[in-house]
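What follows is a short report on a single structure.
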Amino acid sequence: MPPSDCLQIDRARLDQLMPMHLVVAPCGSIRHMAPTIRRILGPPDPARTRIFDLFEIRRPREARCTGDLRRLAGVTLGLRLKERPGTTFKGLAVPVGPGARGDLLVNLGFGISAVDAVGHYRLTASDFAPTDATVELLYLAEANRAVLTESRNLNRRLQGAMIAAEEQAFTDTLTGLKNRRAMEHILTRLAGAEADFALMLVDLDFFKQVNDGFGHAAGDHVLQSVARTLISATRAQDAVVRAGGDEFVLIFPGLTDRERLARIAGRIIEGLEKPIAVERTTCRISASIGIVTTAGYGHPDPEAMLRDADAALYASKHAGRARFAFGGPDAAQTREAAGEERATHAGDNARADQAAPGRRA
Amino acid sequence: MHGLINRSIEAFLAETYGLEAWRAIVARAGIGVESFEPMLTYPPEVTERLLAGAAAHLDRSREQILEDLGTYLVSEPRMQAVRRLLRFGGESFVDFLHSLEELRDRARLAVPDLELPELELHPAAGMAYTLDIRFERPGFGPVLQGMLRAMADDYGALVMLDHLGAAGGCERLRIELLDAAFAEGRRFELCARAR
């Protein structure tokens, strides 16, 4: 090598430039340790003076002796301390000094393991060259942690707020109808005011076939269509509630007239039986309805009314679906009447059976 | 203004003067926010109204409040993170002063949308420096003043700080280093002990 291409540098200056380097003799014994490496390795142990006593070379695997290291000059090395395998280094070995069998200079750095190593060996900024970005890496790790903690706190607060909002919500998100919570609220208010009102429990018929046959997306679409039908069959002051999967509750404040309620129920069944187009198919459903009014109850008792409406609903189902029935304390007399009425609005049983979902050409 | 800044003002006021005072300040400022989210951004008027509300309620000048805020950010144990991140700037107080020029970029590495002032350090005669502060809004120099005072304590340096006023959107601080090793200072380890 021409002299002009050779550098001469003081050992102390080299320590400043590269505080984590080693100079290794051809026999493998360590001739010199820069200050930061000295701090990490602690006081020299006369029994372990060679580089391979102190370090395990993990990469490349074939590096077993200094001769290998010399051949691998310029290749990135991966090392770890035998004493503490958690301390890992990246390194680069280059030959120094004259001749083919001179010393090797091995410069080391922590790479990504810096956070662990700096903490373990309690290193300070002065243990690193100012050009080494280790301190900046530590800064960033710490700053990131702080920011992440803040973000996590924010997420937790937002999540809490969302749950609270959902709990307080009165709306069913799929259909935009009122939900069970809203229903309880309304019923409590009506009962508290001793107001007259009617309850209608609407349970869809053949909805399960829609869900099973065409999937949940089709089912959702049908439910939205049902919601529109129910809204258009009721007055502005009435409440339309989606109480569960395919179960709806209609509340009619101030309305206890059975004839009017029967007409409304008929209109609802008729409306729900209209084919519903879903993508390229047509779904057909119907509904069974149970109705109660506050008349007949001494004090309006929402729980008992819902129970009685449910019993009436099941009577409708039992009687062949696609029909309505009145329930409540004076149900016996009205059930007959309602049963007779059924034929006038919902056709016969045969038609109800055909109302199963099916494709239309 | 970034929520982190508003949130620090909130923490400072609520902890120094109590929750009741904080609520009174918020009511007086009429900002409609009881507590700031540190990871959200708020319109700059919110901060201005908050500071005006605090000054009126506490009967202190905006400058005094901001200077105390700066001290609080560094010296309050609950704000450890700020002090530690600042200490990464350098081994000595002078190193730290020089690192202030990177403060904006350092902050952005951690919180990309956090706007901090642009700082420029100029050596003056003797062991003195001037620090030029440019920020989207004027009048935040006193925060730096309070922070520098507390950081000097942290490093164990004795300094004299003066706010030289503002001109052309730039505030200027004068920092005179009387003794770099006046006291022992607080320890700083690169890796925070497990908390």
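Labels used: A, B, ... for chains in the order of the structure tokens, numbers from 1 for residues in each chain, and numbers from 1 for ligands as shown.
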For the contact check between stretch 83-197 of chain A and stretch 69-81 of chain B, emit one row per residue of stretch 83-197 of chain A within 9 Å, containing the shortest atom pair and the distance in Å rounded to one decimal, counting only C-alpha atoms, chain then rising number order, as a tab-separated table.
residue	atom	partner	partner_atom	distance
A:Glu142	CA	B:Ala81	CA	8.2
A:Ala143	CA	B:Ala81	CA	7.8
A:Ala146	CA	B:Ala81	CA	7.0
Just all heavy atoms for this one: save the residues we selected as a short mmCIF file (atom, residue, chain, number, x, y, z; two decimals), in the first residue's frame.
data_model
loop_
_atom_site.label_atom_id
_atom_site.label_comp_id
_atom_site.auth_asym_id
_atom_site.auth_seq_id
_atom_site.Cartn_x
_atom_site.Cartn_y
_atom_site.Cartn_z
N GLU A 142 -37.42 6.05 24.19
CA GLU A 142 -38.11 6.58 25.38
C GLU A 142 -39.27 7.51 24.98
O GLU A 142 -40.36 7.45 25.55
CB GLU A 142 -37.11 7.31 26.27
CG GLU A 142 -37.70 7.69 27.60
CD GLU A 142 -36.65 7.95 28.66
OE1 GLU A 142 -35.56 7.34 28.58
OE2 GLU A 142 -36.91 8.77 29.55
N ALA A 143 -39.00 8.35 23.98
CA ALA A 143 -40.05 9.27 23.53
C ALA A 143 -41.24 8.49 22.98
O ALA A 143 -42.40 8.80 23.26
CB ALA A 143 -39.50 10.21 22.46
N ALA A 146 -43.31 7.08 25.75
CA ALA A 146 -44.15 8.11 26.39
C ALA A 146 -45.37 8.41 25.52
O ALA A 146 -46.50 8.51 26.01
CB ALA A 146 -43.33 9.37 26.63
#
Each residue of chain A lying at most 8 Å from chain B should get a row with its shortest atom-to-atom pair and the distance in Å to one decimal, counting only C-alpha atoms; could you produce that, ordered by chain and increasing number, as a Markdown table?
| residue | atom | partner | partner_atom | distance |
| --- | --- | --- | --- | --- |
| A:Val115 | CA | B:Cys191 | CA | 6.9 |
| A:Val118 | CA | B:Cys191 | CA | 6.5 |
| A:Gly119 | CA | B:Cys191 | CA | 5.0 |
| A:Arg122 | CA | B:Glu189 | CA | 7.0 |
| A:Leu123 | CA | B:Leu190 | CA | 7.2 |
| A:Thr124 | CA | B:Leu190 | CA | 6.1 |
| A:Ala125 | CA | B:Glu91 | CA | 6.7 |
| A:Ser126 | CA | B:Glu91 | CA | 7.4 |
| A:Val135 | CA | B:Phe88 | CA | 7.2 |
| A:Glu136 | CA | B:Phe88 | CA | 7.6 |
| A:Leu138 | CA | B:Leu190 | CA | 7.0 |
| A:Tyr139 | CA | B:Phe88 | CA | 6.2 |
| A:Leu140 | CA | B:Ala110 | CA | 6.6 |
| A:Glu142 | CA | B:Leu85 | CA | 7.6 |
| A:Ala143 | CA | B:Ala110 | CA | 5.6 |
| A:Asn144 | CA | B:Ala110 | CA | 5.7 |
| A:Ala146 | CA | B:Ala81 | CA | 7.0 |
| A:Val147 | CA | B:Ala110 | CA | 7.0 |
| A:Glu150 | CA | B:Met39 | CA | 7.0 |
| A:Ser151 | CA | B:Met39 | CA | 6.5 |
| A:Leu154 | CA | B:Glu37 | CA | 7.0 |
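With atom CA of A:Leu190 on one side and atom CA of A:Thr234 on the other, the separation reads 17.8 Å.
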Neighbour list for stretch 175-179 of chain A as a PDB file with all heavy atoms, in the first residue's frame, cut-off 12 Å, only C-alpha atoms, skip fewer than 6 positions in-chain:
ATOM      1  N   GLU A 166     -72.966   3.862  23.818  1.00  0.00           N
ATOM      2  CA  GLU A 166     -73.786   2.748  23.344  1.00  0.00           C
ATOM      3  C   GLU A 166     -74.831   2.368  24.377  1.00  0.00           C
ATOM      4  O   GLU A 166     -75.975   2.077  24.046  1.00  0.00           O
ATOM      5  CB  GLU A 166     -72.906   1.542  23.047  1.00  0.00           C
ATOM      6  CG  GLU A 166     -72.368   1.552  21.630  1.00  0.00           C
ATOM      7  CD  GLU A 166     -71.387   0.430  21.396  1.00  0.00           C
ATOM      8  OE1 GLU A 166     -71.189  -0.400  22.307  1.00  0.00           O
ATOM      9  OE2 GLU A 166     -70.815   0.409  20.301  1.00  0.00           O
ATOM     10  N   GLU A 167     -74.393   2.370  25.628  1.00  0.00           N
ATOM     11  CA  GLU A 167     -75.317   2.005  26.686  1.00  0.00           C
ATOM     12  C   GLU A 167     -76.459   3.004  26.784  1.00  0.00           C
ATOM     13  O   GLU A 167     -77.568   2.670  27.173  1.00  0.00           O
ATOM     14  CB  GLU A 167     -74.573   1.927  28.022  1.00  0.00           C
ATOM     15  CG  GLU A 167     -73.853   0.608  28.185  1.00  0.00           C
ATOM     16  CD  GLU A 167     -72.954   0.611  29.393  1.00  0.00           C
ATOM     17  OE1 GLU A 167     -72.895   1.646  30.084  1.00  0.00           O
ATOM     18  OE2 GLU A 167     -72.314  -0.412  29.640  1.00  0.00           O
ATOM     19  N   GLN A 168     -76.123   4.251  26.461  1.00  0.00           N
ATOM     20  CA  GLN A 168     -77.143   5.279  26.587  1.00  0.00           C
ATOM     21  C   GLN A 168     -77.985   5.401  25.328  1.00  0.00           C
ATOM     22  O   GLN A 168     -78.988   6.102  25.319  1.00  0.00           O
ATOM     23  CB  GLN A 168     -76.474   6.621  26.892  1.00  0.00           C
ATOM     24  CG  GLN A 168     -76.012   6.692  28.339  1.00  0.00           C
ATOM     25  CD  GLN A 168     -74.977   7.767  28.528  1.00  0.00           C
ATOM     26  OE1 GLN A 168     -74.868   8.673  27.722  1.00  0.00           O
ATOM     27  NE2 GLN A 168     -74.225   7.666  29.606  1.00  0.00           N
ATOM     28  N   ALA A 169     -77.549   4.700  24.262  1.00  0.00           N
ATOM     29  CA  ALA A 169     -78.237   4.880  22.986  1.00  0.00           C
ATOM     30  C   ALA A 169     -79.631   4.276  23.033  1.00  0.00           C
ATOM     31  O   ALA A 169     -79.879   3.284  23.706  1.00  0.00           O
ATOM     32  CB  ALA A 169     -77.423   4.242  21.873  1.00  0.00           C
ATOM     33  N   HIS A 185     -87.880   2.490  28.609  1.00  0.00           N
ATOM     34  CA  HIS A 185     -88.025   3.881  28.993  1.00  0.00           C
ATOM     35  C   HIS A 185     -89.451   4.377  28.720  1.00  0.00           C
ATOM     36  O   HIS A 185     -90.102   4.971  29.575  1.00  0.00           O
ATOM     37  CB  HIS A 185     -87.011   4.668  28.168  1.00  0.00           C
ATOM     38  CG  HIS A 185     -86.697   6.012  28.714  1.00  0.00           C
ATOM     39  ND1 HIS A 185     -85.924   6.188  29.835  1.00  0.00           N
ATOM     40  CD2 HIS A 185     -87.059   7.240  28.293  1.00  0.00           C
ATOM     41  CE1 HIS A 185     -85.819   7.478  30.078  1.00  0.00           C
ATOM     42  NE2 HIS A 185     -86.504   8.140  29.169  1.00  0.00           N
ATOM     43  N   ILE A 186     -89.923   4.100  27.500  1.00  0.00           N
ATOM     44  CA  ILE A 186     -91.251   4.582  27.085  1.00  0.00           C
ATOM     45  C   ILE A 186     -92.347   3.913  27.922  1.00  0.00           C
ATOM     46  O   ILE A 186     -93.276   4.575  28.407  1.00  0.00           O
ATOM     47  CB  ILE A 186     -91.480   4.294  25.580  1.00  0.00           C
ATOM     48  CG1 ILE A 186     -90.489   5.107  24.742  1.00  0.00           C
ATOM     49  CG2 ILE A 186     -92.916   4.619  25.173  1.00  0.00           C
ATOM     50  CD1 ILE A 186     -90.397   4.666  23.296  1.00  0.00           C
ATOM     51  N   GLY A 219     -80.570 -10.872   5.135  1.00  0.00           N
ATOM     52  CA  GLY A 219     -81.392 -10.757   6.338  1.00  0.00           C
ATOM     53  C   GLY A 219     -81.444  -9.324   6.822  1.00  0.00           C
ATOM     54  O   GLY A 219     -82.518  -8.792   7.153  1.00  0.00           O
ATOM     55  N   ASP A 220     -80.280  -8.683   6.845  1.00  0.00           N
ATOM     56  CA  ASP A 220     -80.224  -7.287   7.297  1.00  0.00           C
ATOM     57  C   ASP A 220     -81.069  -6.392   6.394  1.00  0.00           C
ATOM     58  O   ASP A 220     -81.773  -5.494   6.851  1.00  0.00           O
ATOM     59  CB  ASP A 220     -78.768  -6.795   7.307  1.00  0.00           C
ATOM     60  CG  ASP A 220     -77.973  -7.431   8.445  1.00  0.00           C
ATOM     61  OD1 ASP A 220     -78.603  -8.118   9.282  1.00  0.00           O
ATOM     62  OD2 ASP A 220     -76.745  -7.248   8.485  1.00  0.00           O
ATOM     63  N   HIS A 221     -80.944  -6.651   5.107  1.00  0.00           N
ATOM     64  CA  HIS A 221     -81.707  -5.866   4.137  1.00  0.00           C
ATOM     65  C   HIS A 221     -83.214  -6.011   4.393  1.00  0.00           C
ATOM     66  O   HIS A 221     -83.959  -5.036   4.380  1.00  0.00           O
ATOM     67  CB  HIS A 221     -81.347  -6.352   2.732  1.00  0.00           C
ATOM     68  CG  HIS A 221     -81.927  -5.518   1.641  1.00  0.00           C
ATOM     69  ND1 HIS A 221     -81.262  -4.437   1.117  1.00  0.00           N
ATOM     70  CD2 HIS A 221     -83.129  -5.597   1.005  1.00  0.00           C
ATOM     71  CE1 HIS A 221     -82.027  -3.885   0.193  1.00  0.00           C
ATOM     72  NE2 HIS A 221     -83.159  -4.567   0.092  1.00  0.00           N
ATOM     73  N   VAL A 222     -83.633  -7.243   4.642  1.00  0.00           N
ATOM     74  CA  VAL A 222     -85.059  -7.503   4.907  1.00  0.00           C
ATOM     75  C   VAL A 222     -85.494  -6.774   6.186  1.00  0.00           C
ATOM     76  O   VAL A 222     -86.551  -6.143   6.229  1.00  0.00           O
ATOM     77  CB  VAL A 222     -85.314  -9.023   5.005  1.00  0.00           C
ATOM     78  CG1 VAL A 222     -86.705  -9.297   5.571  1.00  0.00           C
ATOM     79  CG2 VAL A 222     -85.161  -9.670   3.624  1.00  0.00           C
ATOM     80  N   LEU A 223     -84.641  -6.816   7.210  1.00  0.00           N
ATOM     81  CA  LEU A 223     -84.994  -6.151   8.467  1.00  0.00           C
ATOM     82  C   LEU A 223     -85.173  -4.650   8.258  1.00  0.00           C
ATOM     83  O   LEU A 223     -86.064  -4.023   8.839  1.00  0.00           O
ATOM     84  CB  LEU A 223     -83.922  -6.414   9.529  1.00  0.00           C
ATOM     85  CG  LEU A 223     -83.879  -7.846  10.083  1.00  0.00           C
ATOM     86  CD1 LEU A 223     -82.668  -8.042  10.970  1.00  0.00           C
ATOM     87  CD2 LEU A 223     -85.175  -8.158  10.842  1.00  0.00           C
ATOM     88  N   GLN A 224     -84.321  -4.082   7.401  1.00  0.00           N
ATOM     89  CA  GLN A 224     -84.445  -2.643   7.136  1.00  0.00           C
ATOM     90  C   GLN A 224     -85.753  -2.346   6.406  1.00  0.00           C
ATOM     91  O   GLN A 224     -86.407  -1.338   6.672  1.00  0.00           O
ATOM     92  CB  GLN A 224     -83.231  -2.152   6.340  1.00  0.00           C
ATOM     93  CG  GLN A 224     -81.993  -2.050   7.238  1.00  0.00           C
ATOM     94  CD  GLN A 224     -80.690  -2.001   6.469  1.00  0.00           C
ATOM     95  OE1 GLN A 224     -80.642  -2.316   5.279  1.00  0.00           O
ATOM     96  NE2 GLN A 224     -79.623  -1.596   7.153  1.00  0.00           N
ATOM     97  N   SER A 225     -86.098  -3.242   5.495  1.00  0.00           N
ATOM     98  CA  SER A 225     -87.354  -3.065   4.774  1.00  0.00           C
ATOM     99  C   SER A 225     -88.546  -3.204   5.729  1.00  0.00           C
ATOM    100  O   SER A 225     -89.526  -2.459   5.643  1.00  0.00           O
ATOM    101  CB  SER A 225     -87.402  -4.083   3.632  1.00  0.00           C
ATOM    102  OG  SER A 225     -88.722  -4.279   3.216  1.00  0.00           O
ATOM    103  N   VAL A 226     -88.447  -4.172   6.650  1.00  0.00           N
ATOM    104  CA  VAL A 226     -89.500  -4.362   7.654  1.00  0.00           C
ATOM    105  C   VAL A 226     -89.670  -3.078   8.467  1.00  0.00           C
ATOM    106  O   VAL A 226     -90.783  -2.619   8.732  1.00  0.00           O
ATOM    107  CB  VAL A 226     -89.154  -5.558   8.583  1.00  0.00           C
ATOM    108  CG1 VAL A 226     -90.066  -5.572   9.806  1.00  0.00           C
ATOM    109  CG2 VAL A 226     -89.248  -6.871   7.816  1.00  0.00           C
ATOM    110  N   ALA A 227     -88.536  -2.492   8.850  1.00  0.00           N
ATOM    111  CA  ALA A 227     -88.582  -1.277   9.658  1.00  0.00           C
ATOM    112  C   ALA A 227     -89.362  -0.189   8.927  1.00  0.00           C
ATOM    113  O   ALA A 227     -90.201   0.499   9.526  1.00  0.00           O
ATOM    114  CB  ALA A 227     -87.159  -0.808   9.955  1.00  0.00           C
ATOM    115  N   ARG A 228     -89.117  -0.048   7.620  1.00  0.00           N
ATOM    116  CA  ARG A 228     -89.841   0.978   6.844  1.00  0.00           C
ATOM    117  C   ARG A 228     -91.336   0.691   6.818  1.00  0.00           C
ATOM    118  O   ARG A 228     -92.160   1.587   6.980  1.00  0.00           O
ATOM    119  CB  ARG A 228     -89.275   1.033   5.415  1.00  0.00           C
ATOM    120  CG  ARG A 228     -87.940   1.763   5.322  1.00  0.00           C
ATOM    121  CD  ARG A 228     -87.557   2.040   3.867  1.00  0.00           C
ATOM    122  NE  ARG A 228     -87.275   0.817   3.132  1.00  0.00           N
ATOM    123  CZ  ARG A 228     -86.092   0.216   3.114  1.00  0.00           C
ATOM    124  NH1 ARG A 228     -85.067   0.736   3.785  1.00  0.00           N
ATOM    125  NH2 ARG A 228     -85.895  -0.890   2.420  1.00  0.00           N
ATOM    126  N   THR A 229     -91.684  -0.579   6.639  1.00  0.00           N
ATOM    127  CA  THR A 229     -93.107  -0.959   6.617  1.00  0.00           C
ATOM    128  C   THR A 229     -93.770  -0.617   7.950  1.00  0.00           C
ATOM    129  O   THR A 229     -94.882  -0.067   7.988  1.00  0.00           O
ATOM    130  CB  THR A 229     -93.233  -2.472   6.343  1.00  0.00           C
ATOM    131  OG1 THR A 229     -92.564  -2.764   5.135  1.00  0.00           O
ATOM    132  CG2 THR A 229     -94.690  -2.886   6.236  1.00  0.00           C
ATOM    133  N   LEU A 230     -93.094  -0.954   9.039  1.00  0.00           N
ATOM    134  CA  LEU A 230     -93.680  -0.717  10.360  1.00  0.00           C
ATOM    135  C   LEU A 230     -93.849   0.776  10.610  1.00  0.00           C
ATOM    136  O   LEU A 230     -94.861   1.222  11.158  1.00  0.00           O
ATOM    137  CB  LEU A 230     -92.812  -1.345  11.453  1.00  0.00           C
ATOM    138  CG  LEU A 230     -92.719  -2.880  11.428  1.00  0.00           C
ATOM    139  CD1 LEU A 230     -91.785  -3.375  12.529  1.00  0.00           C
ATOM    140  CD2 LEU A 230     -94.106  -3.497  11.576  1.00  0.00           C
ATOM    141  N   ILE A 231     -92.863   1.554  10.192  1.00  0.00           N
ATOM    142  CA  ILE A 231     -92.943   3.000  10.395  1.00  0.00           C
ATOM    143  C   ILE A 231     -94.124   3.564   9.610  1.00  0.00           C
ATOM    144  O   ILE A 231     -94.905   4.382  10.106  1.00  0.00           O
ATOM    145  CB  ILE A 231     -91.626   3.696   9.956  1.00  0.00           C
ATOM    146  CG1 ILE A 231     -90.493   3.348  10.913  1.00  0.00           C
ATOM    147  CG2 ILE A 231     -91.804   5.201   9.829  1.00  0.00           C
ATOM    148  CD1 ILE A 231     -90.555   4.045  12.251  1.00  0.00           C
ATOM    149  N   ASP A 238     -96.419   6.989  17.646  1.00  0.00           N
ATOM    150  CA  ASP A 238     -96.223   5.607  18.052  1.00  0.00           C
ATOM    151  C   ASP A 238     -94.733   5.275  18.058  1.00  0.00           C
ATOM    152  O   ASP A 238     -93.947   5.895  17.355  1.00  0.00           O
ATOM    153  CB  ASP A 238     -96.946   4.653  17.081  1.00  0.00           C
ATOM    154  CG  ASP A 238     -98.439   4.972  17.016  1.00  0.00           C
ATOM    155  OD1 ASP A 238     -98.962   5.507  18.020  1.00  0.00           O
ATOM    156  OD2 ASP A 238     -99.053   4.721  15.954  1.00  0.00           O
ATOM    157  N   ALA A 239     -94.377   4.295  18.890  1.00  0.00           N
ATOM    158  CA  ALA A 239     -92.969   3.904  18.952  1.00  0.00           C
ATOM    159  C   ALA A 239     -92.807   2.542  18.302  1.00  0.00           C
ATOM    160  O   ALA A 239     -93.568   1.625  18.578  1.00  0.00           O
ATOM    161  CB  ALA A 239     -92.499   3.844  20.400  1.00  0.00           C
ATOM    162  N   VAL A 240     -91.813   2.454  17.393  1.00  0.00           N
ATOM    163  CA  VAL A 240     -91.524   1.177  16.750  1.00  0.00           C
ATOM    164  C   VAL A 240     -90.164   0.711  17.264  1.00  0.00           C
ATOM    165  O   VAL A 240     -89.160   1.403  17.116  1.00  0.00           O
ATOM    166  CB  VAL A 240     -91.505   1.326  15.215  1.00  0.00           C
ATOM    167  CG1 VAL A 240     -91.216  -0.031  14.571  1.00  0.00           C
ATOM    168  CG2 VAL A 240     -92.834   1.882  14.731  1.00  0.00           C
ATOM    169  N   VAL A 241     -90.167  -0.457  17.891  1.00  0.00           N
ATOM    170  CA  VAL A 241     -88.979  -0.927  18.596  1.00  0.00           C
ATOM    171  C   VAL A 241     -88.517  -2.234  17.979  1.00  0.00           C
ATOM    172  O   VAL A 241     -89.338  -3.119  17.692  1.00  0.00           O
ATOM    173  CB  VAL A 241     -89.311  -1.177  20.088  1.00  0.00           C
ATOM    174  CG1 VAL A 241     -88.100  -1.754  20.816  1.00  0.00           C
ATOM    175  CG2 VAL A 241     -89.810   0.095  20.749  1.00  0.00           C
ATOM    176  N   ARG A 242     -87.203  -2.335  17.758  1.00  0.00           N
ATOM    177  CA  ARG A 242     -86.675  -3.657  17.422  1.00  0.00           C
ATOM    178  C   ARG A 242     -86.181  -4.259  18.732  1.00  0.00           C
ATOM    179  O   ARG A 242     -85.185  -3.828  19.300  1.00  0.00           O
ATOM    180  CB  ARG A 242     -85.530  -3.550  16.417  1.00  0.00           C
ATOM    181  CG  ARG A 242     -85.022  -4.928  16.018  1.00  0.00           C
ATOM    182  CD  ARG A 242     -83.973  -4.846  14.923  1.00  0.00           C
ATOM    183  NE  ARG A 242     -83.402  -6.165  14.666  1.00  0.00           N
ATOM    184  CZ  ARG A 242     -82.119  -6.375  14.440  1.00  0.00           C
ATOM    185  NH1 ARG A 242     -81.268  -5.356  14.442  1.00  0.00           N
ATOM    186  NH2 ARG A 242     -81.679  -7.597  14.216  1.00  0.00           N
ATOM    187  N   ALA A 243     -86.925  -5.238  19.221  1.00  0.00           N
ATOM    188  CA  ALA A 243     -86.663  -5.745  20.567  1.00  0.00           C
ATOM    189  C   ALA A 243     -85.652  -6.874  20.548  1.00  0.00           C
ATOM    190  O   ALA A 243     -85.018  -7.161  21.565  1.00  0.00           O
ATOM    191  CB  ALA A 243     -87.963  -6.222  21.200  1.00  0.00           C
ATOM    192  N   GLY A 244     -85.480  -7.510  19.420  1.00  0.00           N
ATOM    193  CA  GLY A 244     -84.521  -8.602  19.318  1.00  0.00           C
ATOM    194  C   GLY A 244     -84.334  -8.906  17.858  1.00  0.00           C
ATOM    195  O   GLY A 244     -84.783  -8.131  17.021  1.00  0.00           O
ATOM    196  N   GLY A 245     -83.677 -10.004  17.524  1.00  0.00           N
ATOM    197  CA  GLY A 245     -83.362 -10.377  16.136  1.00  0.00           C
ATOM    198  C   GLY A 245     -84.461 -10.019  15.152  1.00  0.00           C
ATOM    199  O   GLY A 245     -84.340  -9.055  14.412  1.00  0.00           O
ATOM    200  N   ASP A 246     -85.585 -10.765  15.167  1.00  0.00           N
ATOM    201  CA  ASP A 246     -86.662 -10.471  14.215  1.00  0.00           C
ATOM    202  C   ASP A 246     -87.958 -10.235  14.973  1.00  0.00           C
ATOM    203  O   ASP A 246     -89.030 -10.604  14.545  1.00  0.00           O
ATOM    204  CB  ASP A 246     -86.812 -11.602  13.183  1.00  0.00           C
ATOM    205  CG  ASP A 246     -87.108 -12.944  13.847  1.00  0.00           C
ATOM    206  OD1 ASP A 246     -86.951 -13.044  15.087  1.00  0.00           O
ATOM    207  OD2 ASP A 246     -87.498 -13.889  13.133  1.00  0.00           O
ATOM    208  N   GLU A 247     -87.805  -9.617  16.146  1.00  0.00           N
ATOM    209  CA  GLU A 247     -88.961  -9.359  16.988  1.00  0.00           C
ATOM    210  C   GLU A 247     -89.113  -7.848  17.178  1.00  0.00           C
ATOM    211  O   GLU A 247     -88.139  -7.159  17.497  1.00  0.00           O
ATOM    212  CB  GLU A 247     -88.732 -10.035  18.343  1.00  0.00           C
ATOM    213  CG  GLU A 247     -89.991 -10.260  19.134  1.00  0.00           C
ATOM    214  CD  GLU A 247     -89.664 -10.811  20.496  1.00  0.00           C
ATOM    215  OE1 GLU A 247     -89.128 -11.934  20.564  1.00  0.00           O
ATOM    216  OE2 GLU A 247     -89.920 -10.109  21.484  1.00  0.00           O
ATOM    217  N   PHE A 248     -90.305  -7.371  16.971  1.00  0.00           N
ATOM    218  CA  PHE A 248     -90.544  -5.932  17.049  1.00  0.00           C
ATOM    219  C   PHE A 248     -91.688  -5.654  18.021  1.00  0.00           C
ATOM    220  O   PHE A 248     -92.587  -6.472  18.165  1.00  0.00           O
ATOM    221  CB  PHE A 248     -90.900  -5.371  15.669  1.00  0.00           C
ATOM    222  CG  PHE A 248     -89.805  -5.599  14.656  1.00  0.00           C
ATOM    223  CD1 PHE A 248     -89.709  -6.815  13.980  1.00  0.00           C
ATOM    224  CD2 PHE A 248     -88.856  -4.621  14.404  1.00  0.00           C
ATOM    225  CE1 PHE A 248     -88.695  -7.036  13.065  1.00  0.00           C
ATOM    226  CE2 PHE A 248     -87.839  -4.839  13.486  1.00  0.00           C
ATOM    227  CZ  PHE A 248     -87.760  -6.053  12.814  1.00  0.00           C
ATOM    228  N   VAL A 249     -91.598  -4.514  18.678  1.00  0.00           N
ATOM    229  CA  VAL A 249     -92.680  -4.116  19.574  1.00  0.00           C
ATOM    230  C   VAL A 249     -93.171  -2.742  19.133  1.00  0.00           C
ATOM    231  O   VAL A 249     -92.377  -1.832  18.917  1.00  0.00           O
ATOM    232  CB  VAL A 249     -92.200  -4.042  21.042  1.00  0.00           C
ATOM    233  CG1 VAL A 249     -93.338  -3.588  21.951  1.00  0.00           C
ATOM    234  CG2 VAL A 249     -91.660  -5.389  21.500  1.00  0.00           C
ATOM    235  N   LEU A 250     -94.469  -2.625  18.971  1.00  0.00           N
ATOM    236  CA  LEU A 250     -95.051  -1.336  18.598  1.00  0.00           C
ATOM    237  C   LEU A 250     -95.852  -0.820  19.787  1.00  0.00           C
ATOM    238  O   LEU A 250     -96.614  -1.571  20.393  1.00  0.00           O
ATOM    239  CB  LEU A 250     -95.967  -1.499  17.369  1.00  0.00           C
ATOM    240  CG  LEU A 250     -95.280  -1.529  15.989  1.00  0.00           C
ATOM    241  CD1 LEU A 250     -94.182  -2.578  15.911  1.00  0.00           C
ATOM    242  CD2 LEU A 250     -96.301  -1.752  14.889  1.00  0.00           C
ATOM    243  N   ILE A 251     -95.663   0.432  20.104  1.00  0.00           N
ATOM    244  CA  ILE A 251     -96.377   1.026  21.234  1.00  0.00           C
ATOM    245  C   ILE A 251     -97.263   2.148  20.689  1.00  0.00           C
ATOM    246  O   ILE A 251     -96.776   3.029  19.979  1.00  0.00           O
ATOM    247  CB  ILE A 251     -95.396   1.584  22.281  1.00  0.00           C
ATOM    248  CG1 ILE A 251     -94.409   0.478  22.720  1.00  0.00           C
ATOM    249  CG2 ILE A 251     -96.142   2.143  23.494  1.00  0.00           C
ATOM    250  CD1 ILE A 251     -93.229   0.994  23.527  1.00  0.00           C
TER     251      ILE A 251
END
Length of the atom CA of A:Ile9 to atom CA of A:Pro130 vector [Å]: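 One can read the atom CA of A:Ile9 to atom CA of A:Pro130 distance as 18.5 Å.
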In chain B, DSSP alpha helix (DSSP H) residues written as a count of residues only: 93
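Running DSSP on the backbone gives strand (DSSP E) for these residues within stretch 66-146 of chain A: Leu77, Gly78, Leu79, Arg80, Leu81, Thr88, Phe89, Lys90, Gly91, Leu92, Ala93, Val94, Pro95, Val96, Asp103, Leu104, Leu105, Val106, Asn107, Leu108 and Gly109 of chain A.
Excluding B:Phe36 itself and same-chain residues fewer than 4 positions from it, the residues having an atom within 10 Å of it are His2, Gly3, Leu4, Ile5, Asn6, Arg7, Ser8, Ile9, Glu10, Ala11, Leu40, Thr41 and Tyr42 of chain B, counting only C-alpha atoms.
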Pick out the residues sitting within 12 Å of B:Ala167, and hand them over as an MDAnalysis selection string; count only C-alpha atoms, and ignore anything fewer than 6 positions along from it in its own chain. chainID B and resid 132:134 138:139 173
Residues from the last selection, C-alpha atoms, saved as a PDB file, in the first residue's frame:
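That gives us part-v6.pdb:
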ATOM      1  CA  ASP B 132     -33.618  33.235  19.368  1.00  0.00           C
ATOM      2  CA  ILE B 133     -37.129  31.834  19.577  1.00  0.00           C
ATOM      3  CA  ARG B 134     -39.464  31.740  16.605  1.00  0.00           C
ATOM      4  CA  PRO B 138     -45.510  35.062  19.774  1.00  0.00           C
ATOM      5  CA  GLY B 139     -45.165  35.342  23.525  1.00  0.00           C
ATOM      6  CA  LEU B 173     -33.296  35.199  25.662  1.00  0.00           C
TER       7      LEU B 173
END
